[in-house]
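Visitor: Provided below: data.txt, containing compact mmCIF, C-alpha atoms (C1' of nucleotides).
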```txt
# COMPACT_ATOMS: atom_id res chain seq x y z
CA MET A 284 0.00 0.00 0.00
CA SER A 285 1.33 3.44 -1.03
CA THR A 286 4.58 1.91 -2.23
CA ASP A 287 4.88 4.59 -4.88
CA GLU A 288 4.75 7.50 -2.44
CA PRO A 289 8.04 9.15 -1.43
CA ILE A 290 9.71 7.34 1.43
CA ALA A 291 9.56 10.42 3.64
CA TYR A 292 5.84 10.74 3.01
CA ARG A 293 5.26 7.17 4.05
CA VAL A 294 7.35 7.57 7.19
CA PHE A 295 5.45 10.67 8.30
CA ASN A 296 2.20 8.99 7.46
CA GLU A 297 2.98 6.07 9.77
CA ILE A 298 4.11 8.50 12.45
CA GLY A 299 0.87 10.44 12.19
CA ILE A 300 -1.23 7.32 12.60
CA ILE A 301 0.83 6.08 15.54
CA ASP A 302 0.60 9.45 17.24
CA GLN A 303 -3.14 9.44 16.84
CA LEU A 304 -3.62 5.90 18.10
CA SER A 305 -1.28 6.32 21.07
CA THR A 306 -2.59 9.72 22.11
CA HIS A 307 -6.08 8.31 22.03
CA ALA A 308 -5.17 5.24 24.10
CA PHE A 309 -3.30 7.28 26.69
CA THR A 310 -6.05 9.85 26.97
CA GLN A 311 -8.47 7.05 27.80
CA SER A 312 -6.27 5.87 30.65
CA LEU A 313 -5.94 9.30 32.27
CA PRO A 314 -8.29 10.61 34.96
CA ARG A 315 -11.44 12.21 33.60
CA GLY A 316 -10.74 15.62 32.10
CA MET A 317 -6.98 15.21 31.90
CA SER A 318 -5.20 15.30 28.56
CA VAL A 319 -1.76 14.17 27.53
CA ALA A 320 -0.71 17.78 27.05
CA GLN A 321 -1.82 18.69 30.57
CA PHE A 322 -0.18 15.66 32.10
CA SER A 323 3.07 16.43 30.31
CA ILE A 324 3.22 19.81 31.98
CA LEU A 325 2.58 18.44 35.44
CA ASN A 326 5.13 15.73 34.81
CA HIS A 327 7.65 18.30 33.66
CA PHE A 328 7.51 20.07 37.01
CA VAL A 329 7.88 16.93 39.06
CA ARG A 330 10.66 15.50 36.95
CA LEU A 331 12.78 18.62 36.80
CA GLY A 332 12.07 19.53 40.39
CA HIS A 333 11.95 23.22 39.59
CA GLU A 334 10.02 25.47 41.90
CA TYR A 335 8.39 27.34 39.05
CA SER A 336 8.65 28.16 35.37
CA THR A 337 7.08 30.64 32.96
CA PRO A 338 4.57 30.19 30.14
CA ALA A 339 7.20 31.20 27.58
CA ARG A 340 9.79 28.73 28.84
CA LEU A 341 7.22 25.95 28.96
CA ALA A 342 6.08 26.73 25.43
CA SER A 343 9.64 26.50 24.22
CA ALA A 344 10.34 23.32 26.22
CA PHE A 345 7.36 21.60 24.60
CA GLN A 346 7.88 23.21 21.19
CA VAL A 347 4.41 24.61 21.23
CA SER A 348 3.20 28.12 20.45
CA ARG A 349 2.74 30.50 23.33
CA PRO A 350 -1.01 30.88 22.81
CA THR A 351 -1.34 27.11 22.95
CA MET A 352 0.59 26.96 26.21
CA SER A 353 -1.45 29.85 27.48
CA THR A 354 -4.75 28.02 27.10
CA THR A 355 -3.41 24.71 28.39
CA LEU A 356 -2.13 26.49 31.51
CA SER A 357 -5.51 28.17 31.93
CA ARG A 358 -7.23 24.81 31.97
CA LEU A 359 -4.73 23.49 34.50
CA GLU A 360 -5.24 26.57 36.64
CA ARG A 361 -9.02 26.26 36.42
CA ALA A 362 -8.64 22.70 37.68
CA GLY A 363 -6.41 23.92 40.53
CA LEU A 364 -3.45 21.85 39.35
CA VAL A 365 -1.16 24.77 38.67
CA ALA A 366 -0.82 28.26 40.15
CA LEU A 367 -0.17 31.33 38.03
CA THR A 368 1.30 34.37 39.71
CA PRO A 369 2.73 37.60 38.33
CA ASP A 370 6.49 37.64 37.99
CA PRO A 371 7.74 40.05 40.67
CA ASP A 372 10.75 40.97 38.55
CA ASP A 373 9.01 41.47 35.22
CA GLY A 374 5.63 43.10 34.90
CA ARG A 375 4.99 41.33 31.61
CA GLY A 376 5.70 37.85 32.84
CA LYS A 377 4.03 35.22 34.94
CA ARG A 378 5.25 32.39 37.08
CA VAL A 379 3.77 28.94 36.85
CA ALA A 380 4.04 26.49 39.72
CA ILE A 381 2.52 23.07 40.29
CA THR A 382 0.17 22.80 43.27
CA GLN A 383 -0.15 19.96 45.73
CA ALA A 384 -3.31 18.89 43.90
CA GLY A 385 -1.25 18.97 40.72
CA ARG A 386 1.32 16.59 42.19
CA THR A 387 -1.40 14.24 43.32
CA MET A 388 -3.00 14.34 39.90
CA ARG A 389 0.35 13.69 38.24
CA ASP A 390 0.80 10.60 40.38
CA GLN A 391 -2.66 9.36 39.44
CA CYS A 392 -1.83 9.88 35.78
CA ILE A 393 1.37 7.87 36.13
CA VAL A 394 -0.64 5.04 37.64
CA GLY A 395 -3.20 5.20 34.85
CA LEU A 396 -0.59 5.29 32.11
CA ALA A 397 1.42 2.40 33.52
CA GLY A 398 -1.03 -0.24 32.26
CA PRO A 399 -1.22 0.88 28.63
CA LEU A 400 2.53 1.45 28.51
CA ARG A 401 3.23 -2.02 29.82
CA ASP A 402 0.66 -3.36 27.40
CA VAL A 403 2.54 -1.93 24.47
CA GLU A 404 5.87 -3.16 25.75
CA ASP A 405 4.36 -6.62 26.18
CA HIS A 406 2.78 -6.82 22.74
CA VAL A 407 5.82 -5.69 20.82
CA ARG A 408 8.86 -7.79 20.06
CA SER A 409 11.51 -7.04 22.61
CA ASP A 410 13.86 -4.95 20.46
CA LEU A 411 11.37 -2.89 18.52
CA LEU A 412 11.18 0.03 20.90
CA THR A 413 14.88 0.15 21.65
CA ASP A 414 15.60 -0.01 17.92
CA LEU A 415 13.13 2.77 17.21
CA LEU A 416 14.08 5.25 19.88
CA PRO A 417 17.50 6.34 18.59
CA LEU A 418 16.26 6.53 15.01
CA LEU A 419 13.31 8.68 16.03
CA ALA A 420 15.53 10.89 18.14
CA GLU A 421 17.82 11.34 15.17
CA LEU A 422 14.95 12.28 12.86
CA ARG A 423 13.41 14.60 15.40
CA GLN A 424 16.70 16.39 15.90
CA ILE A 425 17.18 16.94 12.18
CA LEU A 426 13.65 18.25 11.72
CA ASP A 427 14.24 20.54 14.64
CA GLU A 428 17.39 21.94 13.07
CA MET A 429 15.68 22.30 9.68
CA ARG A 430 12.94 24.62 10.85
CA ASN A 431 15.32 27.59 11.05
CA MET B 405 16.98 13.66 29.11
CA SER B 406 14.05 11.53 30.38
CA THR B 407 16.23 8.44 30.58
CA ASP B 408 14.21 7.17 33.51
CA GLU B 409 10.88 7.24 31.67
CA PRO B 410 9.52 3.96 30.30
CA ILE B 411 10.90 3.19 26.86
CA ALA B 412 7.43 3.19 25.31
CA TYR B 413 6.73 6.62 26.76
CA ARG B 414 9.90 8.01 25.25
CA VAL B 415 9.14 6.48 21.87
CA PHE B 416 5.65 7.97 21.76
CA ASN B 417 7.00 11.26 22.95
CA GLU B 418 9.43 11.45 20.04
CA ILE B 419 6.69 10.40 17.66
CA GLY B 420 4.41 13.14 18.94
CA ILE B 421 7.05 15.80 18.44
CA ILE B 422 7.92 14.55 14.95
CA ASP B 423 4.27 14.48 13.97
CA GLN B 424 3.83 18.02 15.14
CA LEU B 425 6.93 19.33 13.38
CA SER B 426 6.22 17.52 10.11
CA THR B 427 2.53 18.38 9.99
CA HIS B 428 3.44 21.98 10.55
CA ALA B 429 6.09 22.01 7.81
CA PHE B 430 3.82 20.30 5.30
CA THR B 431 0.89 22.56 6.05
CA GLN B 432 3.11 25.54 5.27
CA SER B 433 3.93 24.14 1.84
CA LEU B 434 0.30 23.51 0.85
CA PRO B 435 -1.85 26.05 -1.00
CA ARG B 436 -3.55 28.56 1.23
CA GLY B 437 -6.44 27.01 3.15
CA MET B 438 -5.46 23.41 2.49
CA SER B 439 -4.58 21.06 5.34
CA VAL B 440 -2.81 17.74 5.39
CA ALA B 441 -6.09 16.00 6.28
CA GLN B 442 -7.86 17.58 3.32
CA PHE B 443 -5.03 16.80 0.93
CA SER B 444 -4.97 13.18 2.08
CA ILE B 445 -8.57 12.74 1.07
CA LEU B 446 -8.08 14.24 -2.38
CA ASN B 447 -4.95 12.13 -2.80
CA HIS B 448 -6.85 9.03 -1.77
CA PHE B 449 -9.31 9.47 -4.64
CA VAL B 450 -6.65 10.04 -7.25
CA ARG B 451 -4.44 7.20 -6.08
CA LEU B 452 -7.14 4.57 -5.82
CA GLY B 453 -8.89 5.76 -8.96
CA HIS B 454 -12.32 5.10 -7.48
CA GLU B 455 -15.25 7.00 -8.88
CA TYR B 456 -16.69 7.71 -5.47
CA SER B 457 -16.65 6.64 -1.84
CA THR B 458 -18.74 7.28 1.26
CA PRO B 459 -18.04 9.26 4.43
CA ALA B 460 -18.14 6.08 6.49
CA ARG B 461 -15.65 4.24 4.29
CA LEU B 462 -13.34 7.23 4.22
CA ALA B 463 -13.51 7.55 7.99
CA SER B 464 -12.53 3.94 8.34
CA ALA B 465 -9.79 4.18 5.70
CA PHE B 466 -8.18 7.07 7.58
CA GLN B 467 -8.94 5.66 11.02
CA VAL B 468 -10.77 8.79 11.99
CA SER B 469 -14.16 9.18 13.65
CA ARG B 470 -17.12 9.76 11.40
CA PRO B 471 -17.88 13.21 12.80
CA THR B 472 -14.30 14.20 12.06
CA MET B 473 -14.59 12.97 8.48
CA SER B 474 -17.93 14.69 8.22
CA THR B 475 -16.53 18.13 8.98
CA THR B 476 -13.44 17.65 6.83
CA LEU B 477 -15.64 16.68 3.88
CA SER B 478 -17.82 19.73 4.51
CA ARG B 479 -14.79 21.97 4.22
CA LEU B 480 -13.74 20.27 1.02
CA GLU B 481 -17.24 20.61 -0.35
CA ARG B 482 -17.40 24.28 0.62
CA ALA B 483 -14.19 24.76 -1.35
CA GLY B 484 -15.68 22.91 -4.32
CA LEU B 485 -13.02 20.18 -4.20
CA VAL B 486 -15.41 17.35 -3.51
CA ALA B 487 -19.05 16.68 -4.38
CA LEU B 488 -21.48 15.12 -1.92
CA THR B 489 -24.60 13.48 -3.30
CA PRO B 490 -27.22 11.26 -1.69
CA ASP B 491 -26.68 7.55 -2.16
CA PRO B 492 -29.44 6.39 -4.53
CA ASP B 493 -29.46 2.93 -2.98
CA ASP B 494 -29.44 3.93 0.67
CA GLY B 495 -31.40 6.85 2.00
CA ARG B 496 -29.07 7.21 4.97
CA GLY B 497 -25.87 7.32 2.99
CA LYS B 498 -24.01 9.80 0.87
CA ARG B 499 -21.58 9.49 -1.97
CA VAL B 500 -18.39 11.49 -2.07
CA ALA B 501 -16.57 12.18 -5.32
CA ILE B 502 -13.61 14.36 -6.15
CA THR B 503 -14.29 17.23 -8.55
CA GLN B 504 -12.11 18.48 -11.36
CA ALA B 505 -11.11 21.40 -9.15
CA GLY B 506 -10.23 18.83 -6.53
CA ARG B 507 -7.90 17.02 -8.92
CA THR B 508 -6.21 20.27 -9.85
CA MET B 509 -5.81 21.17 -6.18
CA ARG B 510 -4.37 17.73 -5.44
CA ASP B 511 -1.76 18.23 -8.14
CA GLN B 512 -0.84 21.62 -6.72
CA CYS B 513 -0.45 20.06 -3.29
CA ILE B 514 1.86 17.39 -4.67
CA VAL B 515 4.02 20.11 -6.20
CA GLY B 516 4.08 22.04 -2.95
CA LEU B 517 4.95 19.00 -0.85
CA ALA B 518 7.74 17.83 -3.13
CA GLY B 519 10.21 20.44 -1.89
CA PRO B 520 9.88 19.79 1.85
CA LEU B 521 9.87 16.03 1.27
CA ARG B 522 13.06 16.21 -0.76
CA ASP B 523 14.49 18.52 1.88
CA VAL B 524 14.00 15.93 4.56
CA GLU B 525 15.40 13.15 2.42
CA ASP B 526 18.44 15.31 1.70
CA HIS B 527 19.13 16.29 5.31
CA VAL B 528 18.87 12.80 6.73
CA ARG B 529 21.50 10.08 6.45
CA SER B 530 20.63 7.83 3.58
CA ASP B 531 19.40 4.81 5.54
CA LEU B 532 17.44 6.51 8.28
CA LEU B 533 14.07 6.58 6.55
CA THR B 534 14.33 3.10 5.08
CA ASP B 535 15.38 1.78 8.48
CA LEU B 536 12.49 3.56 10.18
CA LEU B 537 9.65 2.66 7.85
CA PRO B 538 9.36 -1.07 8.57
CA LEU B 539 9.76 -0.55 12.31
CA LEU B 540 7.05 2.10 12.33
CA ALA B 541 4.77 -0.07 10.22
CA GLU B 542 5.29 -2.89 12.68
CA LEU B 543 4.47 -0.71 15.66
CA ARG B 544 1.46 0.81 13.94
CA GLN B 545 0.09 -2.58 13.09
CA ILE B 546 0.42 -3.82 16.66
CA LEU B 547 -1.25 -0.72 18.09
CA ASP B 548 -4.01 -1.16 15.57
CA GLU B 549 -4.59 -4.74 16.66
CA MET B 550 -4.45 -3.78 20.33
CA ARG B 551 -7.34 -1.35 20.20
CA ASN B 552 -9.89 -4.16 20.01
C1' DA C 778 -47.24 -5.09 10.11
C1' DA C 779 -45.13 -3.19 14.04
C1' DT C 780 -41.48 -2.81 16.98
C1' DA C 781 -36.82 -3.03 18.17
C1' DG C 782 -32.14 -2.75 16.89
C1' DA C 783 -28.31 -1.41 13.65
C1' DT C 784 -26.19 1.98 10.71
C1' DA C 785 -25.21 6.71 8.16
C1' DA C 786 -24.49 11.20 8.87
C1' DT C 787 -24.72 15.34 11.51
C1' DT C 788 -24.76 18.58 15.53
C1' DA C 789 -23.01 20.15 19.93
C1' DG C 790 -19.36 20.72 22.86
C1' DC C 791 -14.71 19.72 24.31
C1' DT C 792 -9.15 19.82 23.83
C1' DA C 793 -4.89 20.74 21.10
C1' DC C 794 -2.66 22.99 17.79
C1' DC C 795 -1.83 27.06 14.68
C1' DT C 796 -1.32 32.35 12.96
C1' DA C 797 -2.37 37.19 13.36
C1' DA C 798 -3.31 40.91 16.08
C1' DT C 799 -3.58 43.31 20.94
C1' DT C 800 -2.02 44.93 25.28
C1' DA C 801 1.34 45.76 28.58
C1' DT C 802 5.92 46.25 30.03
C1' DA C 803 11.18 46.18 29.21
C1' DA C 804 15.16 47.46 27.06
C1' DT C 805 17.72 50.21 23.89
C1' DG C 806 19.30 54.06 20.97
C1' DG C 807 19.31 58.71 19.55
C1' DC D 227 14.34 61.61 28.18
C1' DC D 228 11.65 60.04 24.66
C1' DA D 229 10.78 57.07 20.84
C1' DT D 230 11.53 52.76 18.91
C1' DT D 231 11.96 47.99 19.19
C1' DA D 232 11.54 43.66 21.52
C1' DT D 233 9.32 40.52 24.62
C1' DA D 234 5.37 38.26 27.65
C1' DA D 235 0.95 36.94 27.56
C1' DT D 236 -3.62 36.94 25.77
C1' DT D 237 -7.58 37.26 22.49
C1' DA D 238 -9.76 36.12 18.11
C1' DG D 239 -10.50 32.98 14.67
C1' DG D 240 -9.34 28.74 12.20
C1' DT D 241 -8.44 23.32 11.50
C1' DA D 242 -8.24 18.49 13.38
C1' DG D 243 -9.37 15.24 16.47
C1' DC D 244 -12.58 13.17 20.07
C1' DT D 245 -17.27 11.59 22.58
C1' DA D 246 -22.17 11.88 23.26
C1' DA D 247 -26.47 12.65 21.50
C1' DT D 248 -29.89 13.38 17.30
C1' DT D 249 -32.18 12.35 13.13
C1' DA D 250 -33.14 9.47 9.43
C1' DT D 251 -33.34 5.20 7.30
C1' DC D 252 -32.59 0.34 6.85
C1' DT D 253 -32.87 -4.52 8.70
C1' DA D 254 -34.46 -8.08 11.35
C1' DT D 255 -37.54 -10.19 14.66
C1' DT D 256 -41.70 -11.25 16.36
```
Would it be possible to restate this file's structure as structure tokens?

Guide:
Amino acid sequence: MSTDEPIAYRVFNEIGIIDQLSTHAFTQSLPRGMSVAQFSILNHFVRLGHEYSTPARLASAFQVSRPTMSTTLSRLERAGLVALTPDPDDGRGKRVAITQAGRTMRDQCIVGLAGPLRDVEDHVRSDLLTDLLPLLAELRQILDEMRN
Amino acid sequence: MSTDEPIAYRVFNEIGIIDQLSTHAFTQSLPRGMSVAQFSILNHFVRLGHEYSTPARLASAFQVSRPTMSTTLSRLERAGLVALTPDPDDGRGKRVAITQAGRTMRDQCIVGLAGPLRDVEDHVRSDLLTDLLPLLAELRQILDEMRN
DNA sequence: AATAGATAATTAGCTACCTAATTATAATGG
DNA sequence: CCATTATAATTAGGTAGCTAATTATCTATT
């Protein structure tokens, strides 16, 4: 199927389908109302252990536009999972910090995701993921460099 | 970075970023107002050479929900790139056919996409894409089977 | 023949992403 | 010191994807 399409087209096509299927599966396993994007932000705080960040730095960390980060942070704030405060040193900026409820929610998400993740690892031949990861990282890095 | 996350999580994370970057780049190279999703549908008609299809079959071919296909087809119809007619044999169904304007638009999209696709193929080491494709196809197939 | 159950498509309402344009504040240069 | 330029965040408006619920029609069962 599609064997006459350019190789790059076919690769990105597969990637698009996988992204869609996996995002969907993971969303299902998250607590009601949580999305992968929102979880990623909570996870970011816990993993890096930083006290706080800013919308602009988060947008750049996730390679997402600032308006997109702005609305995702609003949803997290509305749910009480993140606190937004004005930056005392810069009247334009804001500080974003995870709340205790946010940490709890992050832990619940980790629990929910564990099953589906293990499922995938169990259904796939043992080397597939370890073979894929470096190749994907290589492609991602090149695409990242190209967009400048 | 993230070396303590589950391997599957890291793989899907890379895939998500690549999907985002590539979709963005390809959208830029398409004629004004066209999206990758819309192009894919036009391309589907030309490639398979079918006279017409139905919203339901298209939704299933692209592994997308029917409401999603419904709105994408509406946009294509609004742009005159696709024609929707009632199915004469089934009062519930519709037939979808590509128009002449749709074929012309599809050709323009192919031209626009050629540059970025060649760009990627030129910037990447020669084996990366051919190494990736079968692994991605394998993963996609397994995920596809798992969601049942 | 009538009722119940599938199926086709759409509508409503949500999240994620984008660009373009606004608003507010900082930083810089004449 | 003021004007310009840059930066932070948001608002407005658009596309793509989803689920849940509607409407219409077909199919099957009784």

Visitor: I'm after chain B in the frame of chain A: fit it by least squares over all Cα atoms matched in order, and give me the output as a compact mmCIF listing (two decimals) with C-alpha atoms, in the coordinates of the input.

Guide:
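Once everything was written out, this is selection.txt:
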```txt
# COMPACT_ATOMS: atom_id res chain seq x y z
CA MET B 405 -0.06 -0.01 -0.17
CA SER B 406 1.33 3.44 -1.15
CA THR B 407 4.57 1.91 -2.36
CA ASP B 408 4.90 4.62 -4.97
CA GLU B 409 4.77 7.50 -2.49
CA PRO B 410 8.04 9.15 -1.47
CA ILE B 411 9.71 7.33 1.40
CA ALA B 412 9.56 10.41 3.62
CA TYR B 413 5.83 10.74 3.00
CA ARG B 414 5.25 7.15 4.02
CA VAL B 415 7.34 7.55 7.16
CA PHE B 416 5.44 10.64 8.27
CA ASN B 417 2.19 8.97 7.43
CA GLU B 418 2.95 6.06 9.75
CA ILE B 419 4.10 8.47 12.43
CA GLY B 420 0.86 10.42 12.17
CA ILE B 421 -1.24 7.30 12.57
CA ILE B 422 0.82 6.05 15.52
CA ASP B 423 0.60 9.42 17.22
CA GLN B 424 -3.14 9.43 16.82
CA LEU B 425 -3.61 5.88 18.09
CA SER B 426 -1.26 6.30 21.06
CA THR B 427 -2.58 9.70 22.11
CA HIS B 428 -6.05 8.28 22.03
CA ALA B 429 -5.14 5.22 24.10
CA PHE B 430 -3.26 7.26 26.69
CA THR B 431 -6.01 9.83 26.99
CA GLN B 432 -8.42 7.02 27.81
CA SER B 433 -6.23 5.85 30.68
CA LEU B 434 -5.91 9.30 32.29
CA PRO B 435 -8.28 10.60 34.97
CA ARG B 436 -11.41 12.20 33.64
CA GLY B 437 -10.72 15.62 32.13
CA MET B 438 -6.96 15.19 31.91
CA SER B 439 -5.17 15.26 28.56
CA VAL B 440 -1.72 14.15 27.54
CA ALA B 441 -0.68 17.79 27.07
CA GLN B 442 -1.82 18.69 30.57
CA PHE B 443 -0.17 15.66 32.13
CA SER B 444 3.09 16.45 30.36
CA ILE B 445 3.24 19.83 32.01
CA LEU B 446 2.58 18.47 35.49
CA ASN B 447 5.15 15.74 34.86
CA HIS B 448 7.67 18.31 33.71
CA PHE B 449 7.51 20.10 37.07
CA VAL B 450 7.88 16.96 39.11
CA ARG B 451 10.68 15.53 37.01
CA LEU B 452 12.80 18.66 36.86
CA GLY B 453 12.07 19.57 40.46
CA HIS B 454 11.92 23.28 39.65
CA GLU B 455 9.97 25.52 41.95
CA TYR B 456 8.37 27.40 39.11
CA SER B 457 8.64 28.21 35.42
CA THR B 458 7.08 30.67 33.00
CA PRO B 459 4.59 30.22 30.16
CA ALA B 460 7.21 31.25 27.63
CA ARG B 461 9.80 28.77 28.89
CA LEU B 462 7.24 25.99 29.01
CA ALA B 463 6.11 26.78 25.48
CA SER B 464 9.67 26.53 24.28
CA ALA B 465 10.37 23.36 26.28
CA PHE B 466 7.40 21.63 24.66
CA GLN B 467 7.93 23.24 21.26
CA VAL B 468 4.44 24.63 21.28
CA SER B 469 3.25 28.14 20.47
CA ARG B 470 2.75 30.49 23.36
CA PRO B 471 -0.98 30.87 22.80
CA THR B 472 -1.29 27.10 22.93
CA MET B 473 0.62 26.95 26.21
CA SER B 474 -1.45 29.83 27.48
CA THR B 475 -4.75 28.00 27.07
CA THR B 476 -3.40 24.71 28.39
CA LEU B 477 -2.15 26.48 31.52
CA SER B 478 -5.53 28.16 31.92
CA ARG B 479 -7.22 24.78 31.96
CA LEU B 480 -4.75 23.49 34.51
CA GLU B 481 -5.27 26.57 36.63
CA ARG B 482 -9.05 26.25 36.39
CA ALA B 483 -8.66 22.70 37.69
CA GLY B 484 -6.44 23.94 40.53
CA LEU B 485 -3.46 21.87 39.36
CA VAL B 486 -1.20 24.81 38.69
CA ALA B 487 -0.87 28.29 40.18
CA LEU B 488 -0.21 31.36 38.05
CA THR B 489 1.23 34.42 39.74
CA PRO B 490 2.68 37.64 38.35
CA ASP B 491 6.44 37.69 38.02
CA PRO B 492 7.69 40.14 40.67
CA ASP B 493 10.70 41.06 38.56
CA ASP B 494 8.97 41.52 35.23
CA GLY B 495 5.59 43.13 34.89
CA ARG B 496 4.93 41.35 31.61
CA GLY B 497 5.69 37.88 32.85
CA LYS B 498 3.99 35.26 34.94
CA ARG B 499 5.23 32.45 37.10
CA VAL B 500 3.76 28.99 36.88
CA ALA B 501 4.03 26.52 39.74
CA ILE B 502 2.50 23.12 40.31
CA THR B 503 0.14 22.84 43.27
CA GLN B 504 -0.17 20.00 45.74
CA ALA B 505 -3.33 18.92 43.93
CA GLY B 506 -1.28 18.99 40.76
CA ARG B 507 1.30 16.63 42.24
CA THR B 508 -1.41 14.25 43.36
CA MET B 509 -3.00 14.36 39.91
CA ARG B 510 0.37 13.71 38.28
CA ASP B 511 0.81 10.61 40.41
CA GLN B 512 -2.64 9.38 39.46
CA CYS B 513 -1.80 9.89 35.80
CA ILE B 514 1.39 7.88 36.16
CA VAL B 515 -0.62 5.04 37.66
CA GLY B 516 -3.17 5.22 34.87
CA LEU B 517 -0.55 5.30 32.12
CA ALA B 518 1.45 2.39 33.51
CA GLY B 519 -1.00 -0.24 32.27
CA PRO B 520 -1.20 0.87 28.63
CA LEU B 521 2.56 1.44 28.51
CA ARG B 522 3.25 -2.04 29.82
CA ASP B 523 0.65 -3.36 27.39
CA VAL B 524 2.53 -1.94 24.46
CA GLU B 525 5.86 -3.19 25.72
CA ASP B 526 4.34 -6.64 26.15
CA HIS B 527 2.73 -6.84 22.72
CA VAL B 528 5.77 -5.71 20.78
CA ARG B 529 8.82 -7.82 20.00
CA SER B 530 11.49 -7.10 22.54
CA ASP B 531 13.82 -5.02 20.37
CA LEU B 532 11.33 -2.93 18.46
CA LEU B 533 11.16 0.01 20.85
CA THR B 534 14.88 0.11 21.58
CA ASP B 535 15.58 -0.06 17.85
CA LEU B 536 13.10 2.72 17.15
CA LEU B 537 14.07 5.21 19.83
CA PRO B 538 17.49 6.28 18.53
CA LEU B 539 16.25 6.48 14.95
CA LEU B 540 13.30 8.63 15.98
CA ALA B 541 15.54 10.84 18.10
CA GLU B 542 17.82 11.28 15.11
CA LEU B 543 14.96 12.23 12.82
CA ARG B 544 13.44 14.56 15.38
CA GLN B 545 16.71 16.33 15.88
CA ILE B 546 17.20 16.88 12.15
CA LEU B 547 13.67 18.20 11.69
CA ASP B 548 14.25 20.49 14.62
CA GLU B 549 17.40 21.89 13.05
CA MET B 550 15.71 22.24 9.67
CA ARG B 551 12.99 24.58 10.84
CA ASN B 552 15.40 27.51 11.06
```

Visitor: Quick one: distance from atom CA of A:Pro369 to atom C1' of D:DA235 in Å, one decimal?

Guide: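 Atom-to-atom, atom CA of A:Pro369 and atom C1' of D:DA235 are spaced 10.9 Å apart.
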
Visitor: If you measure from atom CA of B:Thr431 to atom CA of B:Arg482, what distance in Å do you get, rounded to one decimal?

Guide: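 Spanning atom CA of B:Thr431 to atom CA of B:Arg482 is a straight-line distance of 19.2 Å.
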
Visitor: Find the residues of chain B in contact range of chain A, meaning any atom within 9 Å when counting all atoms listed in the file, and list them as a compact mmCIF listing (two decimals) with C-alpha atoms, in the coordinates of the input.

Guide:
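Final output, result04.txt:
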```txt
# COMPACT_ATOMS: atom_id res chain seq x y z
CA SER B 406 14.05 11.53 30.38
CA PRO B 410 9.52 3.96 30.30
CA ILE B 411 10.90 3.19 26.86
CA ALA B 412 7.43 3.19 25.31
CA TYR B 413 6.73 6.62 26.76
CA ARG B 414 9.90 8.01 25.25
CA VAL B 415 9.14 6.48 21.87
CA PHE B 416 5.65 7.97 21.76
CA ASN B 417 7.00 11.26 22.95
CA GLU B 418 9.43 11.45 20.04
CA ILE B 419 6.69 10.40 17.66
CA GLY B 420 4.41 13.14 18.94
CA ILE B 421 7.05 15.80 18.44
CA ILE B 422 7.92 14.55 14.95
CA ASP B 423 4.27 14.48 13.97
CA GLN B 424 3.83 18.02 15.14
CA LEU B 425 6.93 19.33 13.38
CA SER B 426 6.22 17.52 10.11
CA THR B 427 2.53 18.38 9.99
CA ALA B 429 6.09 22.01 7.81
CA ARG B 451 -4.44 7.20 -6.08
CA PHE B 466 -8.18 7.07 7.58
CA GLN B 467 -8.94 5.66 11.02
CA ALA B 518 7.74 17.83 -3.13
CA LEU B 521 9.87 16.03 1.27
CA ARG B 522 13.06 16.21 -0.76
CA ASP B 523 14.49 18.52 1.88
CA VAL B 524 14.00 15.93 4.56
CA GLU B 525 15.40 13.15 2.42
CA HIS B 527 19.13 16.29 5.31
CA VAL B 528 18.87 12.80 6.73
CA LEU B 532 17.44 6.51 8.28
CA LEU B 533 14.07 6.58 6.55
CA THR B 534 14.33 3.10 5.08
CA ASP B 535 15.38 1.78 8.48
CA LEU B 536 12.49 3.56 10.18
CA LEU B 537 9.65 2.66 7.85
CA PRO B 538 9.36 -1.07 8.57
CA LEU B 539 9.76 -0.55 12.31
CA LEU B 540 7.05 2.10 12.33
CA ALA B 541 4.77 -0.07 10.22
CA GLU B 542 5.29 -2.89 12.68
CA LEU B 543 4.47 -0.71 15.66
CA ARG B 544 1.46 0.81 13.94
CA ILE B 546 0.42 -3.82 16.66
CA LEU B 547 -1.25 -0.72 18.09
CA ASP B 548 -4.01 -1.16 15.57
CA MET B 550 -4.45 -3.78 20.33
CA ARG B 551 -7.34 -1.35 20.20
```

Visitor: Near C:DG782, counting all atoms listed in the file, which residues have an atom at most 12 Å away, once you skip same-chain residues fewer than 4 positions from it, shown as a VMD selection string?

Guide: chain D and resid 252 to 255

Visitor: Could you please take those selected residues and save C-alpha atoms (C1' of nucleotides) as a PDB file, keeping the file's coordinate frame?

Guide:
```pdb
ATOM      1  C1'  DC D 252     -32.590   0.340   6.850  1.00  0.00           C
ATOM      2  C1'  DT D 253     -32.870  -4.520   8.700  1.00  0.00           C
ATOM      3  C1'  DA D 254     -34.460  -8.080  11.350  1.00  0.00           C
ATOM      4  C1'  DT D 255     -37.540 -10.190  14.660  1.00  0.00           C
TER       5       DT D 255
END
```

Visitor: What are the residues of chain B lining chain C at 10 Å or less? Count all atoms listed in the file, and put the answer as a VMD selection string.

Guide: chain B and resid 424 428 458 to 460 470 to 471 474 to 475 494 to 498

Visitor: To one decimal place, how far is atom CA of A:Cys392 from atom CA of A:Pro314 in Å?

Guide: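 A separation of 6.6 Å between them.
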
Visitor: Kindly determine which residues of chain D lie within 12 Å of chain A, considering only C-alpha atoms (C1' of nucleotides), and give the answer as a ChimeraX atom specification.

Guide: /D:233-238,242-245

Visitor: Would you kindly return, as a PyMOL selection string, each protein, DNA or RNA residue with an atom no farther than 9 Å from any atom of A:Leu325, considering only C-alpha atoms (C1' of nucleotides) and excluding same-chain residues fewer than 5 positions away?

Guide: chain A and resi 330+359+364-365+381+385-386+388-389
